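Colleague: The file below is data-v2.cif, mmCIF, C-alpha atoms and all ligand atoms:
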data_structure
#
loop_
_atom_site.label_atom_id
_atom_site.label_comp_id
_atom_site.auth_asym_id
_atom_site.auth_seq_id
_atom_site.Cartn_x
_atom_site.Cartn_y
_atom_site.Cartn_z
CA MET A 82 179.23 43.60 59.32
CA THR A 83 175.70 42.50 60.16
CA ALA A 84 172.94 44.80 58.90
CA GLU A 85 170.65 46.81 61.14
CA LEU A 86 167.22 45.23 61.37
CA ILE A 87 164.26 47.42 60.33
CA ASN A 88 161.75 46.23 62.89
CA GLY A 89 158.22 46.60 61.49
CA THR A 90 156.64 45.34 64.69
CA GLU A 91 158.28 48.14 66.73
CA ILE A 92 157.58 50.83 64.11
CA ARG A 93 153.95 49.66 63.99
CA LYS A 94 153.74 50.18 67.78
CA GLU A 95 155.20 53.69 67.46
CA ILE A 96 152.73 54.71 64.73
CA LEU A 97 149.72 53.21 66.52
CA ALA A 98 150.68 55.12 69.70
CA GLU A 99 150.85 58.35 67.65
CA LEU A 100 147.46 57.60 66.07
CA LYS A 101 145.87 56.79 69.42
CA LYS A 102 146.92 60.20 70.72
CA GLU A 103 145.58 61.84 67.59
CA VAL A 104 142.20 60.08 67.98
CA GLU A 105 142.02 61.20 71.62
CA GLY A 106 142.79 64.76 70.51
CA MET A 107 140.12 64.56 67.81
CA LYS A 108 137.55 63.35 70.32
CA ALA A 109 138.43 66.12 72.78
CA LYS A 110 138.30 68.79 70.08
CA THR A 111 135.32 67.68 67.96
CA GLY A 112 133.45 65.08 70.02
CA LYS A 113 133.89 62.68 67.10
CA VAL A 114 136.12 59.68 66.35
CA PRO A 115 137.13 57.98 63.09
CA GLY A 116 134.50 55.54 61.81
CA LEU A 117 135.50 52.43 59.88
CA VAL A 118 133.29 49.70 58.43
CA THR A 119 134.74 46.35 57.38
CA ILE A 120 132.45 44.37 55.09
CA LEU A 121 133.10 40.64 55.04
CA VAL A 122 131.19 38.48 52.56
CA GLY A 123 131.16 34.77 53.45
CA ALA A 124 133.59 33.16 55.87
CA ASN A 125 136.88 32.47 54.09
CA PRO A 126 139.19 31.62 57.05
CA ALA A 127 142.07 33.83 55.86
CA SER A 128 139.66 36.75 55.33
CA VAL A 129 138.08 36.23 58.75
CA SER A 130 141.44 36.36 60.51
CA TYR A 131 142.55 39.43 58.55
CA VAL A 132 139.27 41.25 59.26
CA THR A 133 139.49 40.31 62.95
CA LEU A 134 142.94 41.91 63.12
CA LYS A 135 141.70 45.11 61.43
CA VAL A 136 138.69 45.34 63.75
CA ARG A 137 140.82 44.74 66.86
CA THR A 138 143.34 47.40 65.84
CA ALA A 139 140.59 49.93 65.07
CA GLU A 140 138.96 49.27 68.45
CA GLU A 141 142.27 49.64 70.29
CA LEU A 142 142.66 53.07 68.69
CA GLY A 143 139.20 54.15 69.86
CA PHE A 144 137.53 54.13 66.42
CA HIS A 145 133.82 53.68 65.88
CA GLU A 146 134.16 50.28 64.21
CA ILE A 147 131.48 48.26 62.46
CA GLN A 148 132.13 44.73 61.31
CA ASP A 149 129.41 44.04 58.76
CA ASN A 150 129.26 40.31 57.96
CA GLN A 151 127.20 39.33 54.94
CA PRO A 152 126.27 35.86 53.68
CA ALA A 153 128.29 34.37 50.78
CA ASP A 154 125.16 34.38 48.59
CA ILE A 155 124.45 38.12 48.96
CA SER A 156 123.43 39.57 45.57
CA GLU A 157 125.59 42.14 43.83
CA LYS A 158 122.67 44.57 43.97
CA ALA A 159 122.33 44.18 47.75
CA LEU A 160 126.08 44.65 48.22
CA LEU A 161 126.04 47.82 46.12
CA ALA A 162 123.10 49.12 48.19
CA LEU A 163 125.06 48.40 51.38
CA ILE A 164 128.04 50.39 50.11
CA GLU A 165 125.74 53.26 49.17
CA LYS A 166 124.37 53.22 52.73
CA TYR A 167 127.87 53.62 54.18
CA ASN A 168 128.83 56.19 51.52
CA ASN A 169 126.00 58.33 52.95
CA ASP A 170 126.65 57.62 56.63
CA PRO A 171 128.40 60.67 58.17
CA THR A 172 129.78 58.60 61.08
CA ILE A 173 131.73 56.35 58.66
CA HIS A 174 134.97 57.69 57.18
CA GLY A 175 136.48 54.50 55.80
CA ILE A 176 134.86 51.60 53.93
CA LEU A 177 136.75 48.32 53.55
CA ILE A 178 135.60 45.36 51.53
CA GLN A 179 137.56 42.24 52.31
CA LEU A 180 138.66 40.45 49.15
CA PRO A 181 138.19 38.02 47.51
CA LEU A 182 134.45 38.35 46.86
CA PRO A 183 132.30 35.39 45.72
CA LYS A 184 132.45 34.64 41.97
CA HIS A 185 128.88 35.86 41.23
CA VAL A 186 129.85 39.38 42.33
CA ASP A 187 131.73 41.76 40.01
CA GLU A 188 134.63 42.75 42.30
CA LYS A 189 135.65 45.76 40.22
CA LYS A 190 132.11 47.14 40.14
CA VAL A 191 131.80 46.77 43.91
CA LEU A 192 135.16 48.40 44.71
CA ASN A 193 134.45 51.26 42.32
CA ALA A 194 131.13 51.93 44.09
CA ILE A 195 132.98 53.11 47.22
CA ASN A 196 133.09 56.89 47.49
CA PRO A 197 136.78 57.71 46.73
CA ASP A 198 136.73 60.05 49.76
CA LYS A 199 136.09 56.96 51.96
CA ASP A 200 138.36 54.55 50.04
CA VAL A 201 141.00 54.21 52.77
CA ASP A 202 142.54 51.21 50.97
CA GLY A 203 143.48 53.62 48.18
CA PHE A 204 142.50 51.20 45.38
CA HIS A 205 139.76 53.27 43.69
CA PRO A 206 140.87 54.47 40.22
CA VAL A 207 140.37 58.07 41.39
CA ASN A 208 142.83 57.53 44.24
CA VAL A 209 145.27 55.69 41.96
CA GLY A 210 145.13 58.72 39.66
CA ARG A 211 145.68 61.09 42.58
CA LEU A 212 148.69 59.04 43.68
CA MET A 213 150.15 59.43 40.20
CA ILE A 214 149.71 63.23 40.32
CA GLY A 215 151.35 63.32 43.77
CA GLY A 216 151.72 66.10 46.33
CA ASP A 217 148.52 67.49 47.86
CA GLU A 218 146.40 65.49 45.40
CA VAL A 219 147.15 62.24 47.27
CA LEU A 220 144.26 61.34 49.56
CA TYR A 221 144.98 57.78 50.63
CA PRO A 222 148.23 56.11 49.56
CA PRO A 223 147.73 52.33 49.24
CA CYS A 224 148.60 50.72 52.55
CA THR A 225 151.44 48.26 51.83
CA PRO A 226 153.44 50.77 49.71
CA ALA A 227 152.78 53.47 52.32
CA GLY A 228 154.11 51.08 54.97
CA ILE A 229 157.23 50.40 52.90
CA GLN A 230 157.91 54.14 52.52
CA GLU A 231 157.38 54.66 56.24
CA LEU A 232 159.92 51.91 57.04
CA ILE A 233 162.45 53.50 54.69
CA VAL A 234 161.98 56.95 56.24
CA ARG A 235 161.90 55.81 59.89
CA SER A 236 165.02 53.67 59.37
CA GLY A 237 166.87 56.87 58.46
CA THR A 238 167.63 55.76 54.90
CA PRO A 239 168.29 58.79 52.65
CA THR A 240 165.99 58.73 49.60
CA SER A 241 166.77 61.94 47.70
CA GLY A 242 168.76 60.96 44.60
CA ALA A 243 168.96 57.33 45.77
CA GLU A 244 168.83 54.54 43.20
CA VAL A 245 165.69 52.56 44.04
CA VAL A 246 165.05 49.25 42.32
CA VAL A 247 161.60 47.69 42.71
CA VAL A 248 161.26 44.01 41.85
CA GLY A 249 157.62 43.43 40.81
CA ARG A 250 155.01 45.54 39.05
CA SER A 251 151.71 44.59 40.68
CA ASN A 252 148.98 47.18 41.18
CA ILE A 253 149.02 46.71 44.95
CA VAL A 254 152.77 46.89 45.64
CA GLY A 255 155.30 47.26 42.81
CA LYS A 256 153.77 50.01 40.68
CA PRO A 257 152.51 52.26 43.50
CA ILE A 258 155.72 52.12 45.57
CA ALA A 259 157.74 52.90 42.44
CA ILE A 260 155.58 55.97 41.75
CA MET A 261 155.72 57.08 45.39
CA MET A 262 159.52 56.89 45.58
CA ALA A 263 159.86 58.83 42.31
CA GLN A 264 157.60 61.73 43.40
CA LYS A 265 158.97 65.05 44.53
CA GLY A 266 159.25 65.48 48.29
CA LYS A 267 160.26 64.01 51.64
CA GLY A 268 160.88 60.27 51.72
CA ALA A 269 160.97 60.23 47.92
CA ASP A 270 162.91 62.12 45.17
CA SER A 271 164.54 58.82 44.19
CA THR A 272 165.63 57.52 40.80
CA VAL A 273 163.46 54.47 40.29
CA THR A 274 163.72 51.33 38.15
CA ILE A 275 160.99 48.68 38.01
CA VAL A 276 162.06 45.15 37.11
CA HIS A 277 159.92 42.06 36.41
CA THR A 278 159.94 38.66 34.71
CA ARG A 279 160.81 40.12 31.30
CA THR A 280 163.79 42.11 32.60
CA LYS A 281 166.99 41.06 30.81
CA ASP A 282 169.48 41.20 33.66
CA LEU A 283 167.76 41.28 37.04
CA ALA A 284 171.02 40.90 38.97
CA ALA A 285 172.68 43.90 37.28
CA HIS A 286 169.76 46.18 38.22
CA CYS A 287 169.57 44.95 41.81
CA LYS A 288 173.33 45.39 42.27
CA ARG A 289 173.15 49.15 41.79
CA ALA A 290 170.22 49.69 44.17
CA ASP A 291 170.79 51.91 47.19
CA ILE A 292 167.28 50.85 48.18
CA LEU A 293 166.10 47.45 46.95
CA ILE A 294 162.37 46.75 47.31
CA VAL A 295 161.43 43.18 46.47
CA ALA A 296 157.78 42.20 45.91
CA ALA A 297 157.85 39.14 43.65
CA GLY A 298 156.46 36.32 45.79
CA VAL A 299 159.41 34.02 44.97
CA PRO A 300 161.34 32.67 47.99
CA ASN A 301 165.08 33.48 47.94
CA LEU A 302 164.81 35.14 44.51
CA VAL A 303 167.38 37.79 45.45
CA LYS A 304 170.83 36.30 45.90
CA PRO A 305 173.40 37.84 48.24
CA GLU A 306 175.72 38.72 45.34
CA TRP A 307 172.94 40.95 43.89
CA ILE A 308 173.01 43.22 46.92
CA LYS A 309 174.99 46.45 47.01
CA PRO A 310 177.09 46.67 50.21
CA GLY A 311 175.54 49.08 52.71
CA SER A 312 172.18 49.31 50.88
CA THR A 313 168.71 49.16 52.42
CA VAL A 314 166.71 46.04 51.54
CA ILE A 315 162.94 45.93 51.93
CA ASP A 316 161.60 42.41 51.53
CA VAL A 317 157.85 42.47 50.86
CA GLY A 318 157.54 38.80 49.89
CA VAL A 319 155.57 36.44 52.10
CA ASN A 320 156.09 32.83 51.06
CA ARG A 321 154.90 29.77 52.95
CA ILE A 322 157.71 27.26 52.64
CA GLY A 323 156.41 24.61 55.03
CA MET A 324 154.74 23.94 58.35
CA ASN A 325 156.26 23.97 61.81
CA GLU A 326 155.12 20.61 63.16
CA LYS A 327 155.42 21.72 66.81
CA THR A 328 153.39 24.96 66.55
CA GLY A 329 151.24 24.00 63.54
CA LYS A 330 152.05 27.41 62.05
CA ALA A 331 153.28 28.10 58.54
CA ILE A 332 157.01 28.75 58.09
CA LEU A 333 157.36 32.07 56.25
CA ARG A 334 160.22 33.32 54.10
CA GLY A 335 160.67 36.49 52.10
CA ASP A 336 161.97 36.96 48.57
CA VAL A 337 165.51 37.68 49.77
CA ASP A 338 168.05 35.20 51.14
CA PHE A 339 167.92 36.98 54.53
CA ASP A 340 170.78 35.23 56.38
CA ALA A 341 173.30 35.90 53.62
CA ALA A 342 171.92 39.35 52.68
CA LYS A 343 172.19 40.73 56.21
CA GLU A 344 175.97 40.29 56.07
CA ILE A 345 176.18 42.60 53.04
CA CYS A 346 173.47 45.28 53.16
CA GLY A 347 173.25 48.11 55.71
CA LYS A 348 169.61 47.73 56.77
CA ILE A 349 167.07 45.00 56.11
CA THR A 350 163.48 44.06 56.95
CA PRO A 351 162.90 40.55 58.32
CA VAL A 352 160.06 38.23 57.21
CA PRO A 353 157.91 38.02 59.23
CA GLY A 354 158.06 41.24 61.27
CA GLY A 355 159.09 43.73 58.57
CA VAL A 356 156.60 45.04 56.01
CA GLY A 357 153.78 42.71 57.19
CA PRO A 358 152.79 44.62 60.37
CA MET A 359 152.71 47.92 58.44
CA THR A 360 149.74 47.35 56.12
CA ILE A 361 146.94 47.49 58.71
CA THR A 362 148.81 50.28 60.51
CA MET A 363 148.72 52.46 57.40
CA LEU A 364 145.07 51.59 56.90
CA MET A 365 144.40 53.07 60.33
CA LYS A 366 146.45 56.14 59.42
CA ASN A 367 144.40 56.65 56.25
CA THR A 368 141.18 56.32 58.26
CA VAL A 369 142.29 58.99 60.74
CA ARG A 370 143.19 61.23 57.79
CA SER A 371 139.76 60.63 56.25
CA ALA A 372 138.05 61.43 59.55
CA TRP A 373 139.82 64.82 59.76
CA LYS A 374 138.90 65.50 56.15
CA HIS A 375 135.23 64.74 56.75
CA ILE A 376 134.95 66.37 60.16
CA GLU A 377 136.99 69.52 59.58
CA GLY A 378 137.44 69.58 55.81
CA LYS A 379 141.23 69.26 56.31
P1 LIG A 401 152.00 39.61 42.21
O1 LIG A 401 150.77 40.33 41.85
O2 LIG A 401 152.09 38.14 41.99
O3 LIG A 401 153.22 40.29 41.42
C1 LIG A 401 154.51 39.77 41.47
C2 LIG A 401 155.40 40.61 40.61
O4 LIG A 401 156.71 40.09 40.72
C3 LIG A 401 155.03 40.58 39.13
O5 LIG A 401 155.12 41.86 38.57
C4 LIG A 401 156.06 39.62 38.52
O6 LIG A 401 156.46 39.97 37.20
C5 LIG A 401 157.24 39.82 39.44
N1 LIG A 401 158.04 38.60 39.49
C6 LIG A 401 157.65 37.36 39.86
N2 LIG A 401 158.66 36.47 39.73
C7 LIG A 401 159.72 37.18 39.27
C8 LIG A 401 161.03 36.82 38.91
N3 LIG A 401 161.48 35.57 38.99
N4 LIG A 401 161.85 37.80 38.46
C9 LIG A 401 161.42 39.07 38.35
N5 LIG A 401 160.17 39.47 38.67
C10 LIG A 401 159.33 38.52 39.11
O7 LIG A 401 152.40 39.83 43.74
P2 LIG A 401 152.09 41.02 44.77
O8 LIG A 401 150.66 41.01 45.11
O9 LIG A 401 152.76 42.27 44.33
O10 LIG A 401 152.90 40.45 46.04
C11 LIG A 401 154.28 40.20 46.00
C12 LIG A 401 154.70 39.55 47.30
O11 LIG A 401 154.47 40.45 48.36
C13 LIG A 401 153.93 38.28 47.65
O12 LIG A 401 154.79 37.37 48.32
C14 LIG A 401 152.87 38.77 48.61
O13 LIG A 401 152.43 37.76 49.51
C15 LIG A 401 153.63 39.85 49.33
N6 LIG A 401 152.77 40.90 49.90
C16 LIG A 401 152.96 41.23 51.20
C17 LIG A 401 152.19 42.21 51.79
C18 LIG A 401 152.40 42.56 53.23
O14 LIG A 401 153.34 42.12 53.82
N7 LIG A 401 151.59 43.34 53.86
C19 LIG A 401 151.21 42.87 51.04
C20 LIG A 401 151.07 42.55 49.70
C21 LIG A 401 151.86 41.56 49.12
P3 LIG A 401 155.45 39.93 35.92
O15 LIG A 401 154.58 41.14 36.06
O16 LIG A 401 156.35 40.02 34.77
O17 LIG A 401 154.69 38.65 36.04
#
Take the structure in the file and give it back as structure tokens.
Ligand code: NAP
Modeller:
Amino acid sequence: MTAELINGTEIRKEILAELKKEVEGMKAKTGKVPGLVTILVGANPASVSYVTLKVRTAEELGFHEIQDNQPADISEKALLALIEKYNNDPTIHGILIQLPLPKHVDEKKVLNAINPDKDVDGFHPVNVGRLMIGGDEVLYPPCTPAGIQELIVRSGTPTSGAEVVVVGRSNIVGKPIAIMMAQKGKGADSTVTIVHTRTKDLAAHCKRADILIVAAGVPNLVKPEWIKPGSTVIDVGVNRIGMNEKTGKAILRGDVDFDAAKEICGKITPVPGGVGPMTITMLMKNTVRSAWKHIEGK
């Protein structure tokens, strides 16, 4: 039986439509809209295209959006002063700093200067701590893990008591999604295992996963025989395996052997078009949440 496709592009559309309505409602009720600033230092082509996508999405939702481009040689002091300006700007509810930053700037110092109440990326240590505590303490879940959880929930996959295996333990994907799935509550309550390069028998762990989340960055790492029949497979990996000579675009593959896996599992995300479209979507959701919090103290 061929697995059901978890279509991130469609789910993204659904969530953005919900958010657009919410922003319209906010404007009608309070006269205000969510404000997001995206700070781009230098002109790294990948960063420029990612920032452009964020700005476009924010504008489509009716946000007050500022794209603040700074030269690559901006001093750390000037960058910290800029963040302080936005920390104190009541029309701005979310502050994004596109990474990587130039070498002469201490990235950690800059990220930690963002007011945690406006850290819609959810990377500030205060927000990481809140995520660990769970429940009402969570302000802004980090965007890729939040997108993964949303895909699991909206695909109708039961999570309570489910065996979840997460391949990868990075701070941006593996660790936070593992914590989120293990918390008490809706879309969670799972029994979670994290596996990584020092795990003794990767295949044995993957084989018992009702929900397998793979974020390793290794193309075709997960073999079809590692997949439990009927399980849900979330492939976070984005690997460039070549170039399409006709379109000039990169050929992308996930961490799972998709064609073989889809004949065994129950539901699966494709690459591209699965987790990828969810990250910016969840960033927008966090910004709307921040706007309510700042405007109405919700
Ligand atoms: P990362 O920081 O490189 O972490 C990779 C993790 O996978 C590490 O914990 C590593 O283990 C583990 N790993 C690597 N090879 C393994 C193997 N052979 N067996 C078992 N574990 C292995 O990567 P990341 O930032 O989490 O990203 C992971 C993938 O997701 C990448 O392809 C990235 O492009 C993609 N990604 C996609 C999105 C999106 O779609 N929006 C967002 C973020 C990331 P050790 O800790 O032992 O080294």
Colleague: Which one of A:Ile253, A:Leu121, A:Ile275, A:Ile155 sits closest to Pro222 in chain A if you count all atoms listed in the file?
Modeller: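 So, comparing all the options, the nearest one is A:Ile253.
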Colleague: Identify which of the residues A:Gly89, A:Ile176, A:Val201, A:Asp154 lies closest to ligand LIG 401 (chain A), counting all atoms listed in the file when measuring atom-to-atom distances.
Modeller: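 So, comparing all the options, the nearest one is A:Gly89.
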Colleague: As AutoDock Vina command-line options, please: the centre and edge lengths in Å, to one decimal, of an axis-aligned box enclosing every listed atom of ligand LIG 401 (chain A) with 5 Å added on each side.
Modeller:
--center_x 156.3 --center_y 39.5 --center_z 44.3 --size_x 21.2 --size_y 17.8 --size_z 29.1
Colleague: Under the rule that all atoms listed in the file are counted, which of A:Pro257, A:Gly311, A:Pro171, A:Gly143 is the nearest residue to Leu293 in chain A?
Modeller: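 For Leu293 in chain A, the nearest of the given residues is A:Gly311.
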Colleague: Taking all atoms listed in the file into account, which residues are within 8 Å of ligand LIG 401 (chain A), as JSON, numbers by chain?
Modeller: {"A": [225, 248, 249, 250, 251, 252, 253, 254, 255, 276, 277, 278, 279, 280, 283, 295, 296, 297, 298, 299, 302, 317, 318, 319, 320, 335, 336, 355, 356, 357, 358, 359, 360, 361]}
Colleague: Within 10 Å of Lys113 in chain A, counting all atoms listed in the file, which residues qualify if same-chain residues fewer than 3 places away don't, as a list in words?
Modeller: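 Once the adjacent positions are removed, what remains is Val104, Glu105, Gly106, Met107, Lys108, Ala109, Lys110, Gly116, Phe144, His145, Thr172, Ala372, Trp373 and Ile376 of chain A.
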Colleague: Excluding Ala341 in chain A and its own-chain neighbours fewer than 2 positions away, which residues fall within 10 Å of it when counting all atoms listed in the file? Please give them as a VMD selection string.
Modeller: chain A and resid 83 304 to 306 308 337 to 339 343 to 346
Colleague: So which residues touch Leu117 in chain A within 7 Å, counting all atoms listed in the file, skipping near sequence neighbours fewer than 6 positions away, as a count of residues only?
Modeller: 7
Colleague: With only C-alpha atoms as the counted atoms, please give the residues lying no more than 8 Å from Ile164 in chain A, apart from itself and same-chain residues fewer than 2 positions off, as a list in words.
Modeller: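 Residues meeting the cut-off are Leu160, Leu161, Ala162, Lys166, Tyr167, Asn168, Ile176, Ala194 and Ile195 of chain A.
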Colleague: Looking at all atoms listed in the file, which of A:Met365, A:Leu232, A:Val314, A:Ile332 is the one that sits closest to Ala139 in chain A?
Modeller: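 Of all the options, A:Met365 lies closest to Ala139 in chain A.
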Colleague: For Pro126 in chain A, please output as a PDB file with C-alpha atoms, in the coordinates of the input all residues within 12 Å (counting only C-alpha atoms; exclusion window: fewer than 5 positions along the same chain).
Modeller:
ATOM      1  CA  LEU A 121     133.100  40.640  55.040  1.00  0.00           C
ATOM      2  CA  TYR A 131     142.550  39.430  58.550  1.00  0.00           C
ATOM      3  CA  VAL A 132     139.270  41.250  59.260  1.00  0.00           C
ATOM      4  CA  THR A 133     139.490  40.310  62.950  1.00  0.00           C
ATOM      5  CA  GLN A 179     137.560  42.240  52.310  1.00  0.00           C
ATOM      6  CA  LEU A 180     138.660  40.450  49.150  1.00  0.00           C
ATOM      7  CA  PRO A 181     138.190  38.020  47.510  1.00  0.00           C
TER       8      PRO A 181
END
Colleague: Grab the CA of Ile260 in chain A to CA of Arg235 in chain A distance for me, in Å with one decimal place.
Modeller: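 Interatomic distance, CA of Ile260 in chain A to CA of Arg235 in chain A: 19.2 Å.
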Colleague: Have range 113-124 of chain A completed to N, CA, C and O atoms, please, and pass it along as a tab-separated table (two decimals), in the frame of the given file.
Modeller:
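Generated file (selection_3.tsv):
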chain	number	residue	atom	x	y	z
A	113	LYS	N	134.07	63.77	68.07
A	113	LYS	CA	133.89	62.68	67.10
A	113	LYS	C	135.15	61.81	67.04
A	113	LYS	O	136.24	62.27	67.40
A	114	VAL	N	134.96	60.58	66.54
A	114	VAL	CA	136.12	59.68	66.35
A	114	VAL	C	136.04	59.10	64.94
A	114	VAL	O	134.97	59.11	64.32
A	115	PRO	N	137.18	58.58	64.42
A	115	PRO	CA	137.13	57.98	63.09
A	115	PRO	C	136.18	56.78	63.05
A	115	PRO	O	136.13	56.00	64.00
A	116	GLY	N	135.43	56.66	61.97
A	116	GLY	CA	134.50	55.54	61.81
A	116	GLY	C	134.93	54.66	60.64
A	116	GLY	O	135.20	55.17	59.55
A	117	LEU	N	135.03	53.37	60.91
A	117	LEU	CA	135.50	52.43	59.88
A	117	LEU	C	134.55	51.25	59.79
A	117	LEU	O	134.19	50.67	60.82
A	118	VAL	N	134.10	50.91	58.58
A	118	VAL	CA	133.29	49.70	58.43
A	118	VAL	C	134.08	48.68	57.62
A	118	VAL	O	134.72	49.02	56.62
A	119	THR	N	134.06	47.45	58.09
A	119	THR	CA	134.74	46.35	57.38
A	119	THR	C	133.66	45.37	56.93
A	119	THR	O	132.97	44.78	57.77
A	120	ILE	N	133.49	45.26	55.63
A	120	ILE	CA	132.45	44.37	55.09
A	120	ILE	C	133.09	43.04	54.70
A	120	ILE	O	134.03	42.99	53.89
A	121	LEU	N	132.59	41.98	55.33
A	121	LEU	CA	133.10	40.64	55.04
A	121	LEU	C	131.98	39.81	54.43
A	121	LEU	O	130.93	39.64	55.05
A	122	VAL	N	132.20	39.31	53.23
A	122	VAL	CA	131.19	38.48	52.56
A	122	VAL	C	131.65	37.03	52.66
A	122	VAL	O	132.73	36.68	52.20
A	123	GLY	N	130.80	36.18	53.27
A	123	GLY	CA	131.16	34.77	53.45
A	123	GLY	C	132.09	34.60	54.64
A	123	GLY	O	132.21	35.51	55.49
A	124	ALA	N	132.77	33.46	54.68
A	124	ALA	CA	133.59	33.16	55.87
A	124	ALA	C	134.90	32.48	55.50
A	124	ALA	O	135.35	31.54	56.16
